[in-house]
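Asks: Just one file: start_37.cif, with mmCIF, C-alpha atoms and all ligand atoms.
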```cif
data_run
#
loop_
_atom_site.label_atom_id
_atom_site.label_comp_id
_atom_site.auth_asym_id
_atom_site.auth_seq_id
_atom_site.Cartn_x
_atom_site.Cartn_y
_atom_site.Cartn_z
CA MET P 20 -9.13 -26.78 -1.12
CA PRO P 21 -8.16 -27.34 2.51
CA ALA P 22 -10.53 -25.41 4.72
CA LEU P 23 -9.92 -25.06 8.41
CA ALA P 24 -11.00 -22.19 10.45
CA ALA P 25 -12.66 -22.45 13.79
CA SER P 26 -10.32 -22.58 16.76
CA ALA P 27 -11.68 -26.02 17.77
CA ALA P 28 -8.76 -27.54 15.79
CA PRO P 29 -5.29 -26.03 15.36
CA MET P 30 -5.33 -23.95 12.20
CA GLN P 31 -3.32 -25.12 9.17
CA THR P 32 -3.07 -23.44 5.77
CA THR P 33 -1.68 -24.46 2.38
CA HIS P 34 -0.12 -22.19 -0.26
CA ARG P 35 0.37 -23.33 -3.85
CA VAL P 36 1.93 -21.74 -6.91
CA LEU P 37 0.73 -22.93 -10.31
CA THR P 38 3.00 -22.09 -13.21
CA GLY P 39 0.88 -21.28 -16.23
CA ASP P 40 -1.51 -18.92 -17.95
CA ALA P 41 -4.28 -17.52 -15.75
CA ARG P 42 -6.63 -17.36 -18.73
CA ARG P 43 -7.18 -21.06 -18.05
CA LEU P 44 -7.36 -21.97 -14.36
CA HIS P 45 -8.22 -25.64 -14.96
CA SER P 46 -6.96 -26.86 -11.61
CA VAL P 47 -8.98 -24.37 -9.57
CA ALA P 48 -12.50 -25.66 -8.91
CA ASP P 49 -15.68 -23.66 -9.46
CA ALA P 50 -16.80 -21.63 -6.41
CA SER P 51 -13.73 -22.62 -4.35
CA VAL P 52 -12.19 -19.20 -3.74
CA ALA P 53 -13.48 -16.52 -1.34
CA LEU P 54 -11.27 -13.67 -2.48
CA VAL P 55 -9.10 -12.72 -5.43
CA VAL P 56 -6.43 -10.08 -4.83
CA THR P 57 -4.34 -9.27 -7.86
CA SER P 58 -2.48 -6.75 -9.96
CA PRO P 59 -2.29 -7.62 -13.67
CA PRO P 60 0.23 -6.36 -16.20
CA TYR P 61 -1.09 -2.86 -17.02
CA PRO P 62 -2.23 -2.37 -20.63
CA MET P 63 -0.50 0.51 -22.49
CA ILE P 64 2.41 0.65 -20.02
CA ALA P 65 5.61 0.04 -21.98
CA MET P 66 7.16 -2.39 -19.47
CA TRP P 67 4.34 -4.87 -20.20
CA ASP P 68 4.31 -4.56 -24.05
CA ASP P 69 6.29 -7.77 -24.54
CA VAL P 70 4.17 -9.76 -22.08
CA PHE P 71 0.97 -8.79 -23.94
CA ALA P 72 2.63 -9.36 -27.33
CA ALA P 73 3.62 -12.88 -26.26
CA MET P 74 -0.04 -13.65 -25.59
CA ASN P 75 -1.35 -11.82 -28.70
CA PRO P 76 1.34 -11.06 -31.33
CA SER P 77 -0.66 -8.42 -33.28
CA VAL P 78 -0.62 -6.11 -30.26
CA LYS P 79 2.91 -4.81 -30.72
CA ALA P 80 2.47 -3.48 -34.26
CA ASP P 81 -0.97 -2.07 -33.39
CA LEU P 82 0.49 0.07 -30.58
CA GLU P 83 1.77 2.65 -33.08
CA ARG P 84 -0.63 2.16 -36.01
CA ALA P 85 -3.93 1.60 -34.13
CA PRO P 86 -3.46 2.24 -30.40
CA ALA P 87 -7.15 1.90 -29.54
CA ARG P 88 -7.13 -1.58 -31.09
CA ALA P 89 -4.01 -2.50 -29.11
CA PHE P 90 -5.70 -1.26 -25.91
CA GLU P 91 -8.73 -3.47 -26.60
CA ALA P 92 -6.58 -6.48 -27.48
CA GLN P 93 -4.52 -6.15 -24.30
CA HIS P 94 -7.68 -5.91 -22.23
CA ALA P 95 -9.20 -8.90 -24.06
CA THR P 96 -6.32 -10.92 -22.58
CA LEU P 97 -7.18 -9.69 -19.08
CA ASP P 98 -10.95 -10.21 -19.69
CA ALA P 99 -10.32 -13.95 -20.00
CA VAL P 100 -8.73 -13.92 -16.54
CA TRP P 101 -11.62 -11.95 -15.00
CA ALA P 102 -13.99 -14.57 -16.44
CA GLU P 103 -11.99 -17.32 -14.73
CA CYS P 104 -12.05 -15.34 -11.47
CA HIS P 105 -15.84 -15.16 -11.72
CA ARG P 106 -16.04 -18.93 -12.21
CA VAL P 107 -13.81 -19.86 -9.25
CA LEU P 108 -15.23 -17.34 -6.78
CA LEU P 109 -17.94 -18.55 -4.44
CA PRO P 110 -21.23 -16.62 -4.37
CA GLY P 111 -20.58 -13.34 -2.56
CA GLY P 112 -16.82 -13.70 -3.16
CA ILE P 113 -14.80 -10.57 -3.80
CA LEU P 114 -12.41 -9.62 -6.61
CA CYS P 115 -9.90 -6.85 -5.81
CA VAL P 116 -7.90 -5.55 -8.78
CA ASN P 117 -5.01 -3.17 -8.27
CA ILE P 118 -4.48 -1.33 -11.56
CA GLY P 119 -3.15 2.02 -12.74
CA ASP P 120 -4.24 4.01 -15.75
CA ALA P 121 -1.61 4.67 -18.43
CA THR P 122 -0.38 7.94 -19.90
CA ARG P 123 1.48 7.50 -23.18
CA THR P 124 2.19 9.14 -26.53
CA LEU P 125 1.30 6.80 -29.38
CA ALA P 126 0.72 7.59 -33.07
CA GLY P 127 1.75 11.17 -32.24
CA GLU P 128 -0.94 11.72 -29.60
CA PHE P 129 -0.54 11.97 -25.83
CA ARG P 130 -3.49 10.69 -23.85
CA LEU P 131 -4.68 8.77 -20.81
CA TRP P 132 -5.76 5.16 -21.26
CA SER P 133 -8.32 4.38 -18.60
CA ASN P 134 -7.43 0.85 -17.59
CA HIS P 135 -9.54 0.95 -14.45
CA GLY P 136 -12.62 2.03 -16.41
CA ARG P 137 -12.11 -0.73 -18.97
CA VAL P 138 -11.68 -3.41 -16.27
CA LEU P 139 -14.85 -2.25 -14.49
CA ARG P 140 -16.87 -2.44 -17.73
CA ALA P 141 -15.58 -5.95 -18.48
CA CYS P 142 -16.25 -7.22 -14.97
CA GLU P 143 -19.74 -5.74 -14.91
CA ALA P 144 -20.48 -7.51 -18.21
CA LEU P 145 -19.34 -10.78 -16.61
CA GLY P 146 -21.88 -10.33 -13.81
CA PHE P 147 -19.78 -8.76 -11.06
CA SER P 148 -21.32 -6.00 -8.94
CA ILE P 149 -19.13 -2.91 -8.68
CA LEU P 150 -18.43 -1.84 -5.08
CA PRO P 151 -16.74 1.37 -3.87
CA ASP P 152 -13.06 1.35 -4.83
CA ILE P 153 -9.89 2.60 -3.16
CA LEU P 154 -7.44 5.17 -4.50
CA TRP P 155 -3.90 4.13 -3.66
CA ARG P 156 -1.85 7.31 -3.70
CA LYS P 157 1.82 6.73 -4.54
CA PRO P 158 3.50 10.14 -4.48
CA THR P 159 6.71 10.46 -6.49
CA ASN P 160 9.55 12.76 -5.55
CA ALA P 161 10.91 12.88 -9.09
CA PRO P 162 11.84 16.51 -9.94
CA ASN P 163 10.59 16.12 -13.53
CA LYS P 164 7.23 14.59 -12.63
CA PHE P 165 5.19 17.36 -14.30
CA MET P 166 4.46 16.72 -17.97
CA GLY P 167 3.83 19.08 -20.85
CA SER P 168 4.20 22.84 -21.35
CA GLY P 169 5.44 23.77 -17.88
CA MET P 170 4.23 27.17 -16.70
CA LEU P 171 2.53 28.01 -20.03
CA PRO P 172 -1.22 27.32 -19.97
CA GLY P 173 -3.04 24.89 -22.19
CA GLY P 174 -0.54 22.13 -22.83
CA ALA P 175 0.40 20.74 -19.42
CA TYR P 176 -0.88 17.55 -17.88
CA VAL P 177 -1.91 16.65 -14.37
CA THR P 178 0.62 14.35 -12.70
CA TYR P 179 -0.74 10.89 -12.15
CA GLU P 180 0.26 9.68 -8.69
CA HIS P 181 -2.46 7.18 -7.89
CA GLU P 182 -3.58 3.69 -8.77
CA TYR P 183 -6.87 1.98 -8.11
CA VAL P 184 -7.92 -0.97 -6.03
CA LEU P 185 -11.17 -1.98 -7.72
CA VAL P 186 -13.56 -3.98 -5.56
CA LEU P 187 -16.15 -6.24 -7.19
CA ARG P 188 -18.49 -8.89 -5.84
CA LYS P 189 -19.87 -12.02 -7.42
CA GLY P 190 -23.59 -11.68 -6.73
CA GLY P 191 -25.07 -10.58 -3.41
CA LEU P 192 -23.66 -10.59 0.11
CA ARG P 193 -21.80 -13.75 1.13
CA VAL P 194 -23.81 -15.93 3.51
CA PHE P 195 -22.07 -17.54 6.51
CA THR P 196 -23.94 -20.68 7.51
CA GLY P 197 -23.15 -23.18 10.24
CA ASP P 198 -21.43 -22.70 13.58
CA ASP P 199 -17.84 -23.14 12.29
CA SER P 200 -18.29 -20.63 9.52
CA ARG P 201 -19.89 -18.03 11.78
CA ARG P 202 -17.22 -18.57 14.42
CA ALA P 203 -14.44 -18.15 11.83
CA ARG P 204 -16.05 -14.87 10.78
CA ARG P 205 -16.26 -13.58 14.37
CA GLU P 206 -12.62 -14.56 15.06
CA SER P 207 -11.57 -12.87 11.81
CA ALA P 208 -13.00 -9.50 12.89
CA TYR P 209 -10.64 -6.52 12.70
CA PHE P 210 -10.22 -3.80 15.30
CA TRP P 211 -12.41 -0.68 15.15
CA GLU P 212 -9.38 1.55 14.62
CA GLU P 213 -8.16 -0.70 11.76
CA ARG P 214 -11.60 -0.47 10.15
CA ASN P 215 -11.42 3.32 10.22
CA VAL P 216 -8.20 3.32 8.17
CA TRP P 217 -8.72 0.29 5.94
CA PHE P 218 -12.24 1.22 4.80
CA SER P 219 -11.20 4.73 3.81
CA ASP P 220 -11.35 5.35 0.03
CA LEU P 221 -7.84 6.87 0.01
CA TRP P 222 -4.76 4.89 1.00
CA SER P 223 -1.78 7.22 1.12
CA ASP P 224 0.23 5.56 3.89
CA LEU P 225 1.27 2.32 2.23
CA LEU P 226 4.63 2.89 0.62
CA GLY P 227 6.96 3.00 3.64
CA ALA P 228 5.43 0.14 5.61
CA GLY P 229 5.01 -1.96 2.51
CA GLN P 230 8.57 -1.58 1.32
CA ALA P 231 9.96 -2.43 4.70
CA MET P 232 8.03 -5.70 4.64
CA THR P 233 8.81 -6.70 1.06
CA ARG P 234 12.06 -8.61 0.85
CA ALA P 235 12.51 -9.60 -2.78
CA PRO P 236 14.32 -6.69 -4.40
CA ASP P 237 15.43 -8.45 -7.57
CA LEU P 238 11.98 -9.89 -8.28
CA ARG P 239 10.33 -6.57 -7.47
CA GLU P 240 12.31 -4.91 -10.21
CA ARG P 241 10.86 -7.23 -12.84
CA SER P 242 7.37 -7.73 -11.52
CA ALA P 243 6.08 -4.42 -10.12
CA ALA P 244 5.23 -5.95 -6.74
CA PHE P 245 2.77 -4.14 -4.50
CA PRO P 246 3.67 -3.56 -0.82
CA LEU P 247 2.66 -6.37 1.54
CA GLU P 248 0.34 -4.05 3.43
CA LEU P 249 -1.93 -3.69 0.37
CA PRO P 250 -3.01 -7.35 -0.02
CA SER P 251 -2.85 -7.79 3.78
CA ARG P 252 -5.54 -5.19 4.32
CA LEU P 253 -7.73 -6.66 1.58
CA VAL P 254 -7.35 -10.19 2.95
CA HIS P 255 -8.51 -9.02 6.39
CA MET P 256 -11.31 -6.88 4.95
CA TYR P 257 -12.86 -9.46 2.63
CA SER P 258 -12.07 -13.02 3.82
CA VAL P 259 -12.08 -15.12 6.97
CA TYR P 260 -9.80 -17.75 8.54
CA GLY P 261 -9.63 -20.90 6.45
CA ASP P 262 -10.76 -19.22 3.21
CA THR P 263 -8.78 -19.56 0.01
CA VAL P 264 -7.32 -16.43 -1.61
CA LEU P 265 -6.27 -16.48 -5.28
CA ASP P 266 -3.80 -14.29 -7.13
CA PRO P 267 -3.91 -15.10 -10.88
CA PHE P 268 -0.94 -12.75 -11.55
CA ALA P 269 1.18 -13.83 -8.60
CA GLY P 270 4.52 -12.17 -9.49
CA THR P 271 6.66 -12.26 -6.33
CA GLY P 272 3.81 -13.84 -4.34
CA THR P 273 2.93 -10.86 -2.14
CA THR P 274 -0.73 -11.92 -1.99
CA LEU P 275 0.22 -15.46 -0.99
CA LEU P 276 2.47 -14.11 1.76
CA ALA P 277 -0.35 -11.85 3.00
CA ALA P 278 -2.72 -14.84 3.07
CA ALA P 279 -0.18 -16.99 4.94
CA CYS P 280 0.35 -14.28 7.56
CA ALA P 281 -3.42 -13.96 7.98
CA GLY P 282 -4.38 -17.63 8.32
CA ARG P 283 -5.95 -18.01 4.87
CA ASN P 284 -5.01 -20.61 2.23
CA SER P 285 -3.73 -19.29 -1.07
CA VAL P 286 -3.19 -20.16 -4.71
CA GLY P 287 -0.99 -18.13 -7.02
CA VAL P 288 -0.75 -18.43 -10.80
CA GLU P 289 2.31 -17.09 -12.58
CA LEU P 290 3.47 -17.34 -16.19
CA GLU P 291 7.16 -17.19 -15.31
CA ALA P 292 8.27 -20.61 -14.07
CA ALA P 293 11.32 -19.17 -12.30
CA PHE P 294 9.09 -17.44 -9.73
CA ALA P 295 7.48 -20.50 -8.10
CA GLU P 296 10.41 -21.62 -5.98
CA ARG P 297 11.09 -18.10 -4.79
CA ILE P 298 7.45 -17.51 -3.92
CA HIS P 299 7.48 -20.66 -1.81
CA ALA P 300 10.61 -19.45 0.01
CA ARG P 301 9.03 -16.04 0.56
CA VAL P 302 5.79 -17.53 1.93
CA ALA P 303 7.78 -19.86 4.20
CA ALA P 304 9.30 -16.77 5.84
CA ALA P 305 5.87 -15.58 7.06
CA PRO P 306 6.60 -16.64 10.68
CA THR P 307 9.57 -14.24 10.80
CA LEU P 308 7.42 -11.17 10.06
CA GLY P 309 5.37 -11.09 13.26
CA ARG P 310 2.41 -9.43 11.54
CA ALA P 311 -0.18 -10.60 14.10
CA ALA P 312 2.02 -9.51 17.02
CA ALA P 313 2.42 -6.10 15.38
CA ARG P 314 -1.37 -5.72 15.03
CA MET P 315 -1.84 -6.69 18.68
CA ALA P 316 0.85 -4.25 19.82
CA ALA P 317 -0.75 -1.46 17.74
CA HIS P 318 -4.11 -2.18 19.38
CA ARG P 319 -2.60 -2.07 22.86
CA ARG P 320 -1.04 1.33 22.01
CA PHE P 321 -4.43 2.52 20.76
CA VAL P 322 -6.06 1.39 24.03
CA ALA P 323 -3.40 3.10 26.16
CA GLU P 324 -3.71 6.37 24.22
CA ARG P 325 -7.49 6.31 24.40
CA LEU P 326 -7.50 5.68 28.14
CA ALA P 327 -4.86 8.37 28.66
CA ALA P 328 -7.13 10.81 26.79
CA GLY P 329 -9.90 10.07 29.30
CA LYS P 330 -11.99 8.07 26.82
CA THR P 331 -13.50 4.64 27.39
CA LEU P 332 -13.70 1.35 25.51
CA ALA P 333 -17.07 -0.24 26.15
CA HIS P 334 -16.33 -3.89 25.38
CA HIS P 335 -13.88 -6.63 26.30
CA ASN P 336 -12.08 -9.03 23.96
CA GLY P 337 -11.83 -12.47 25.55
CA PRO P 338 -9.12 -14.22 23.50
CA HIS P 339 -6.58 -11.44 24.12
CA ASP P 340 -8.00 -10.05 27.39
CA VAL P 341 -7.99 -6.50 26.07
CA PRO P 342 -10.56 -3.68 25.86
CA VAL P 343 -12.20 -3.02 22.48
CA ILE P 344 -14.62 -0.43 21.16
CA THR P 345 -17.41 -2.61 19.73
CA GLY P 346 -19.16 -5.88 20.54
CA GLN P 347 -18.16 -7.25 17.13
CA GLU P 348 -14.51 -7.33 18.33
CA ARG P 349 -15.25 -9.50 21.37
CA ASP P 350 -14.22 -12.83 19.77
CA LEU P 351 -11.52 -11.39 17.49
CA CYS P 352 -8.54 -13.73 17.72
CA LEU P 353 -5.17 -13.16 16.05
CA TYR P 354 -3.01 -16.12 15.01
CA GLU P 355 0.69 -16.04 14.24
CA PRO P 356 2.11 -18.40 11.61
CA VAL P 357 4.71 -20.88 12.89
CA ASP P 358 6.24 -24.04 11.58
CA ALA P 359 6.28 -23.42 7.79
CA ARG P 360 7.02 -26.55 5.74
CA VAL P 361 8.08 -26.29 2.08
CA LEU P 362 6.83 -29.47 0.39
CA GLU P 363 6.58 -30.57 -3.24
CA GLY P 364 4.61 -27.81 -4.99
CA ARG P 365 3.27 -26.18 -1.84
CA VAL P 366 3.97 -24.61 1.56
CA GLU P 367 2.08 -25.71 4.66
CA MET P 368 1.79 -23.50 7.71
CA GLY P 369 0.71 -23.99 11.30
CA TYR P 370 -0.47 -21.24 13.68
CA VAL P 371 -0.55 -20.33 17.36
CA LYS P 372 -2.63 -17.66 19.03
CA ALA P 373 -0.76 -14.34 19.03
CA GLY P 374 0.36 -13.12 22.45
C1 LIG H 1 2.05 -6.62 -11.90
S1 LIG H 1 2.82 -8.18 -11.76
C2 LIG H 1 2.17 -8.81 -10.25
C3 LIG H 1 2.99 -8.42 -9.06
C4 LIG H 1 2.50 -9.02 -7.76
N1 LIG H 1 1.31 -8.37 -7.28
C5 LIG H 1 3.58 -8.94 -6.67
O1 LIG H 1 3.35 -8.35 -5.62
O2 LIG H 1 4.70 -9.42 -6.93
C6 LIG H 1 2.03 -9.16 -12.96
C7 LIG H 1 2.54 -10.59 -13.05
O3 LIG H 1 1.64 -11.31 -13.88
C8 LIG H 1 2.39 -12.25 -14.65
N2 LIG H 1 1.54 -12.60 -15.82
C9 LIG H 1 1.32 -11.87 -16.93
N3 LIG H 1 0.40 -12.48 -17.72
C10 LIG H 1 0.03 -13.62 -17.07
C11 LIG H 1 -0.89 -14.67 -17.37
N4 LIG H 1 -1.62 -14.67 -18.48
N5 LIG H 1 -1.03 -15.67 -16.47
C12 LIG H 1 -0.29 -15.68 -15.32
N6 LIG H 1 0.58 -14.72 -15.00
C13 LIG H 1 0.75 -13.69 -15.85
C14 LIG H 1 3.69 -11.52 -14.98
O4 LIG H 1 4.73 -12.44 -15.27
C15 LIG H 1 3.93 -10.74 -13.67
O5 LIG H 1 4.75 -11.47 -12.79
#
```
Write out the structure in this file as structure tokens.
Replies:
Amino acid sequence: MPALAASAAPMQTTHRVLTGDARRLHSVADASVALVVTSPPYPMIAMWDDVFAAMNPSVKADLERAPARAFEAQHATLDAVWAECHRVLLPGGILCVNIGDATRTLAGEFRLWSNHGRVLRACEALGFSILPDILWRKPTNAPNKFMGSGMLPGGAYVTYEHEYVLVLRKGGLRVFTGDDSRRARRESAYFWEERNVWFSDLWSDLLGAGQAMTRAPDLRERSAAFPLELPSRLVHMYSVYGDTVLDPFAGTGTTLLAAACAGRNSVGVELEAAFAERIHARVAAAPTLGRAAARMAAHRRFVAERLAAGKTLAHHNGPHDVPVITGQERDLCLYEPVDARVLEGRVEMGYVKAG
């Protein structure tokens, strides 16, 4: 994997899409990935029945005659991918899994299928440590969102309007050794006010911003894309400049785009061959989004509001000549992608310091 980070050399990143089955990530080396951000097909959700049946044909018939067996079989498919994630992550690397639980009537019974619980059990068995997760609240305005017996007690069901972002770590804390690695970590710091929002256990503000940034409407329809803000936050929270981020269920490539915007390399794996070219085109548009400039502008607004309220900021950030709250933000340096080049099988990106 290309690894460049410290600002001694101009930063370059590479983004690759591999068409294939993520249960076998042969071309991704052991311990080469710092972060996995992904959203698999959700077991027991009807839109993914055919995808699971293609990988394990007995699943479809089992859905009605033995739903618990179908649930296990669908998760067995995902388990193989979690095992590959464990292999390719470096020690201390992080796996973030966005997944929703499923409500469904099968064999005459309505119930909840706890996908997030099943993924956590599988990952723990593989050796991952479970870290605090995030609830992503996705409110629906649908008038018929309440299920069951209406205003009559006993037979109505709570409306499910959230998904999970599970956070797991391979082993103990990641160790940053050597000057370049420590410098990349310091430059990759996030602002204090970003930390306060991103490290909250409830994300309820994603939908609007995410949709505005996601420009692949036809692919979204078929692939259940998450908003760009979701992988962007995770990339900033759990990786540093020059790291490699993997999405084994790449879909429209939102994770790869987030990595490109943030100065990380990325690898996406996707079963559907038709997606690769479009993911490359989407990643190549990273320079048009101005994500780093938007973060900088938001910080300058935060500073102005804080000063106007008579509060202080005790530290100074050198690279951007701006006040910050903590000493850990002193070397924080934001880079904007420029100069995207779509090459055979990959996109390469250059960066300049954000203004
Ligand atoms: C929920 S979508 C991912 C959406 C993605 N996060 C985005 O923002 O576009 C799941 C994707 O995984 C792909 N997929 C399903 N099984 C797979 C497998 N075994 N290996 C690789 N990709 C797979 C599907 O084709 C689908 O595009």
Asks: Measure the distance from CA of Ala373 (chain P) to CA of Asn336 (chain P) in Å and round it to one decimal.
Replies: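 According to the coordinates, CA of Ala373 (chain P) and CA of Asn336 (chain P) are separated by 13.4 Å.
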Asks: Compute the set of protein, DNA and RNA residues whose minimum atom distance to ligand LIG 1 (chain H) is at most 7 Å, using all atoms listed in the file, and state it as a list in words.
Replies: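 Those residues are Gly39, Asp40, Ala41, Arg42, Thr57, Ser58, Pro59, Pro60, Val70, Arg239, Ser242, Ala243, Ala244, Phe245, Pro246, Pro267, Phe268, Ala269, Gly270, Thr271, Gly272, Thr273, Thr274, Val288, Glu289, Leu290 and Glu291 of chain P.
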Asks: CA of Asp198 (chain P) and CA of Arg310 (chain P), how far apart in Å?
Replies: 27.4 Å
Asks: Can you work out the spacing between CA of Pro86 (chain P) and CA of Leu125 (chain P) in Å, to one decimal?
Replies: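 Rounded to one decimal, the two atoms are 6.7 Å apart.
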Asks: Of the residues P:His135, P:Arg365, P:Arg349, P:Arg320, which is the one nearest to Ala333 (chain P), using only C-alpha atoms?
Replies: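 When distances to Ala333 (chain P) are compared using only C-alpha atoms, the smallest one comes from P:Arg349.
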Asks: Let me make sure I understand: among P:Trp222, P:His335, P:Glu213, P:Asp262, which one has the smallest atom-to-atom distance to Arg314 (chain P) if we use all atoms listed in the file?
Replies: P:Glu213
Asks: Would you place a box with edges along x, y and z of the file around all atoms of region 192-211 of chain P listed there, add 3 Å to each of its six sides, and report the centre and edge lengths in Å to one decimal, as AutoDock Vina command-line options?
Replies:
```
--center_x -17.1 --center_y -11.9 --center_z 7.7 --size_x 19.7 --size_y 28.5 --size_z 21.2
```
Asks: Using all atoms listed in the file, pick whichever of P:Gly374, P:Asp340, P:Ser168, P:Asp350 has the shortest atom-to-atom distance to Ala312 (chain P).
Replies: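 For Ala312 (chain P), the nearest of the candidates is P:Gly374.
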Asks: Counting all atoms listed in the file, figure out which residue out of P:Thr33, P:Arg156, P:Arg43, P:Leu353 gets nearest to Ala303 (chain P).
Replies: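 Smallest separation from Ala303 (chain P) among the options: P:Thr33.
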Asks: Taking all atoms listed in the file into account, name the residue in P:Thr307, P:Thr159, P:Gln93, P:Ser46 that is nearest to Asp358 (chain P).
Replies: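 Once distances to Asp358 (chain P) are computed over all atoms listed in the file, the minimum belongs to P:Thr307.
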Asks: From the set P:Thr32, P:Asn215, P:Ser200, P:Asn134, which residue has the shortest atom-to-atom contact distance to Ile344 (chain P), counting only C-alpha atoms?
Replies: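 Nearest to Ile344 (chain P): P:Asn215.
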Asks: Tell me, as a VMD selection string, which residues lie within 12 Å of Gly174 (chain P), counting only C-alpha atoms; anything in the same chain fewer than 6 positions away does not count.
Replies: chain P and resid 129 to 130 165 to 168
Asks: List the neighbours of Ala359 (chain P) out to 9 Å using only C-alpha atoms; skip same-chain residues closer than 5 positions along the sequence, and give me the result as number ranges by chain.
Replies: P: 302-306, 366-369
Asks: Taking a cut-off of 12 Å and counting all atoms listed in the file, can you build a table that, for each residue of region 77-174 of chain P near region 47-53 of chain P, reports the nearest atom pair and how far apart they are in Å (one decimal), sorted by chain then residue number, as a Markdown table?
Replies:
```
| residue | atom | partner | partner_atom | distance |
| --- | --- | --- | --- | --- |
| P:Ala102 | CA | P:Asp49 | CA | 11.6 |
| P:Glu103 | CA | P:Asp49 | CA | 9.0 |
| P:Cys104 | CA | P:Val52 | CA | 8.6 |
| P:His105 | CA | P:Ala50 | CA | 8.4 |
| P:Arg106 | CA | P:Asp49 | CA | 5.5 |
| P:Val107 | CA | P:Asp49 | CA | 4.2 |
| P:Leu108 | CA | P:Ala50 | CA | 4.6 |
| P:Leu109 | CA | P:Ala50 | CA | 3.8 |
| P:Pro110 | CA | P:Ala50 | CA | 7.0 |
| P:Gly111 | CA | P:Ala53 | CA | 7.9 |
| P:Gly112 | CA | P:Ala53 | CA | 4.7 |
| P:Ile113 | CA | P:Ala53 | CA | 6.6 |
| P:Leu114 | CA | P:Ala53 | CA | 8.7 |
| P:Cys115 | CA | P:Ala53 | CA | 11.2 |
```
